[in-house]
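Participant: First, the structure itself, so that you have it in front of you.
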Amino acid sequence: MAFRTQKKKTPVTLLAASIAMALSAGTAFAQTVPEGGTQDTGATELDTVTVTGYRASVEKAMDIKRAEKGMVDAIVAEDIANFPDLNLAESLQRIPGVVITRDAGEGRNISVRGLGPDFTRVRINGMEALTTVGSSDQSGGSNRGRGFDFNVFASDLFTQLVVRKTASADVEEGSLGATVDLKTARPFDYDKFTFAASGQAAYNDMSQKANPRLAALMANTWADGTFGALMSVAYTEREVLEEGSNTGRWANGPANNGFNPASPFTDANRADVFTPRFPRYTQMIHDQERLGVTGSLQWAPSDATEFSLDGLYAKIDAKRTERYIEAISFSRGRSQNGKPEMIVNDGYVDPRTGALLYGQFDNVDVRSESRYDEWNTVFKQVTLNGEHRFSDAFKIDGQIGTSRSKHENPIQTTIIMDKLNVDGYSYDYRGNSRAPVFDYGIDPTDPNGWTLAELRLRPQYVDNTFDTGSLNFDWNFGPSFSLKGGVLAKDYTFSTRELRRASEVTVPAFANGTRTVPAEFTQLTSLGGINGSPGTWVVPDFNAIADALDIYSNAGTLALAERAVNTRSVEEKQNGVWLMGDFGFDIGNVPISGNLGVRYVETKQEATGYATVSGTPVQTTAKRKYDDTLPSLNLVAEITPDFLVRFGAAKVMSRPGLGSLTPGVTVNVAGGARTVSGGNPNLDPIRAKTADLGFEWYFNEGAMLGLAMFYKDIESFVQTARTVAPYSSSGLPLSLLDGTGAGPNDDFTFSVPLNTPGGELTGAEFNYTQPFSFLPGKWQNFGVQLNYTFVDSKIQYLTSTGAASLKTDLTGLSKNAYNGTLFYEGEQLSARVSYTHRDEYLTQVPATEAGFDVHGMSAVNTVDASVSWRIDDKLEISVEGINLTNEPSDEWVGAASQLPLQYTETGRQVLLGLRYRF
């Protein structure tokens, strides 16, 4: 029996019916009541369109784009505490050039113009920040990189997102893709006492759970508008069921020591035959609570002076339960009595891919797992901004602030039980490779005869802090020129640690003196959102076994110790100065404006980690310093008042990934073999030269047609490779050689991240926004937003020996991405439907497995919709639908074969809401 999505039509049908009814009501309302709200008595109908709601947000975003000297795109809240999407990442994917990755069905990270999350900087209220969360292993686990996790925040906390795609001297360095500015509300944004509140019930058709979403904002000003205060809060609960299948990669015969040569089906013993490493079903239950609070105070003691104090607090608490049933023998070698013990009775080898898509086996070890995680991330930020105008020509402004993202995963525990040497096991990927059929040769619901095999305890923690101070000036020399400049000091600190048991396969006995799992310490689990074969199996009862064995005692074989590879830190002190001229002049009848500037930054880096010397962990610290001079130019030519041509050129840089900088290496000398493996604190930044050319035609009120072309010459990339060089050339401390007998001039084989040849990235963006104001009657309330992005790159990758390998796209780059939104904004009715496409993209180059070239993700197509009805000026009801096509997450290996790695579905979500504004 293959997987198939259950057809739970009720929420989708409800949404479709709501939209149809609302549109019908809107049409009827349009036919009987003019915009003034009174009965039509034959008066002449006016052509004026009242711009409100989503259409107003589109026009405000367009105003921001049009006014900037560089290339930017923006998203603005429709109204107070009413952002267009529930998730910031999902809002950003509406912007040309931006695509997202999802975790448990929710947007988590963004990539801009083909450059992944590590190449995108995020500022909150003008100050750089970083938030990281935990996740399942198949979604990357705890984030230990520079990529910003947007799912920490509810979108209700923000009023504006701006994506800056070109560099300018007044914006800090660190991005190859874009700088994203997130802005929370301030009291001076409103001219009187303001209160807004909203509540929604969110139903997921796969988990069949309904959860609340609540948000509120209150703001006021006093003393003739010179002092103001604001507070907003957002709370969300989310329960998601994620289910699918997983192969744990594909390996060929030699990689896993092959099958038993006595197998009747001899084709399985060929060296070029690939098998899944642990074919299995996956079930994950995600339970999250998210709380966010913003506060802001503003004081303007005079017309020339203003201060603002902004605070942001966010916390996401999560519990995740994972359950699996699998055949573990395929991933075991000879010493573990795994694959070589198995006898292949029957099978089918796909001639195109060389994969054993079907097999029937004896002597198979069957495994059942139960994993439980508790994690949370707390984000805090406080910023103080001040501005004083000494005259109409000269002003200064400054900012000091601090932010911290603290991620804790104190419980990450996996309990594993096995049944050994089972006969009659089979898997079958022939019908649908994403929906395999399994026969375990046993009754998978039988709780008897299971042996406790492994007990994994892996708590982990990640901490990111920013302390920032800046002071800037703006000196206006007249209508055609102003000089700007400033200084900035930033201290960024990253630290992470992980604990593990010394031996995870050493497990305690139960009260009866054996490691046979008592039947009462098991439970049944069933796939709920998809159908599988089998759809129900027995798993360890997590709580019962945890209590019986006192697994959190941290004593004896259950004691935890630091895991060296994930216990590390990096501190970067960045001091920068910048100078920029804003100018304007005419060439004939064409006004030209822009800015020309340069930014200089010095980075002092200190990386600490554990090096393993002859089996003993030794803490070591490596320091280095580097600097960058980054010129930039932005020009805007106003060919006509409504047709703009933009050009931008700059040198940019992005600092290396945090995991690559750690000096946590292993130095090993065994006879003539001298090896060093681990991080490389001497990595240079990833630097690039960029050029952008854009055309924008604002051909009507609220309408525009745009084309932007971009080019990036990436001078170097970072990839782990293998090279031979003297130890002294590495920059690593000589103390790591103590006791090894090797000298600093001896050649070592280094398996560490290196700066490798980069490559070129080119692309183009098309953007079209059109309110249908030219149509008669209520048809003019319709409008459309369309955009399309094409990106291409050629990056030189290296093999494990350091030789040139593939020359292909950057990981995370989708060649084609497009989305469209059709909206209706009437006096009472508002409705939107959005479609988003992202092409397939690479996730790893070269592939981990011998015989394959790359890992990748399949293309993604999502449909979202919403409809709302204004009862009066204060009250509004809404229905929203998210991921209405139940788009899966589908990762594969091999560009030609695309054999499955992991496939999961998370279901559709429908929200019913009520919103009040006073």
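In the structure tokens, chains take the letters A, B, ... in the order shown, each chain's residues start at 1, and ligands count up from 1 in the order shown.
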Tell me, as an NGL selection string, which residues lie within 6 Å of A:Thr413, counting only C-alpha atoms; anything in the same chain fewer than 5 positions away does not count.

Facilitator: :A and (371-372 or 456-457)

Participant: Could you pull out the residues in stretch 383-511 of chain A that DSSP calls strand (DSSP E) from the backbone, as a PyMOL selection string?

Facilitator: chain A and resi 383-389+394-422+425-428+437-439+451-457+460-478+481-501

Participant: Mind checking DSSP for stretch 44-239 of chain A and telling me the helix (DSSP H, G or I) residues as a PyMOL selection string?

Facilitator: chain A and resi 53-67+88-92+117-119+137-139+150-152+155-157+187-189

Participant: To one decimal place, how far is atom CA of A:Ala61 from atom CA of A:Trp697 in Å?

Facilitator: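 Answer for the atom CA of A:Ala61 to atom CA of A:Trp697 separation: 15.1 Å.
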
Participant: Which of these, A:Val505, A:Leu822, A:Ala327, A:Val517, has the shortest distance to A:Gln360 once you count only C-alpha atoms?

Facilitator: A:Ala327

Participant: Using only C-alpha atoms, find the one residue out of A:Thr516, A:Trp892, A:Gly431, A:Thr496 that sits nearest to A:Trp450.

Facilitator: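 The closest residue to A:Trp450 is A:Thr516.
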
Participant: As a list in words, please: the residues near A:Glu840 (cut-off 8 Å, only C-alpha atoms, same-chain neighbours under 2 positions excluded).

Facilitator: Ser814, Lys815, Arg838, Leu842, Gly856, Met857, Ser858, Ala859 and Val860 of chain A
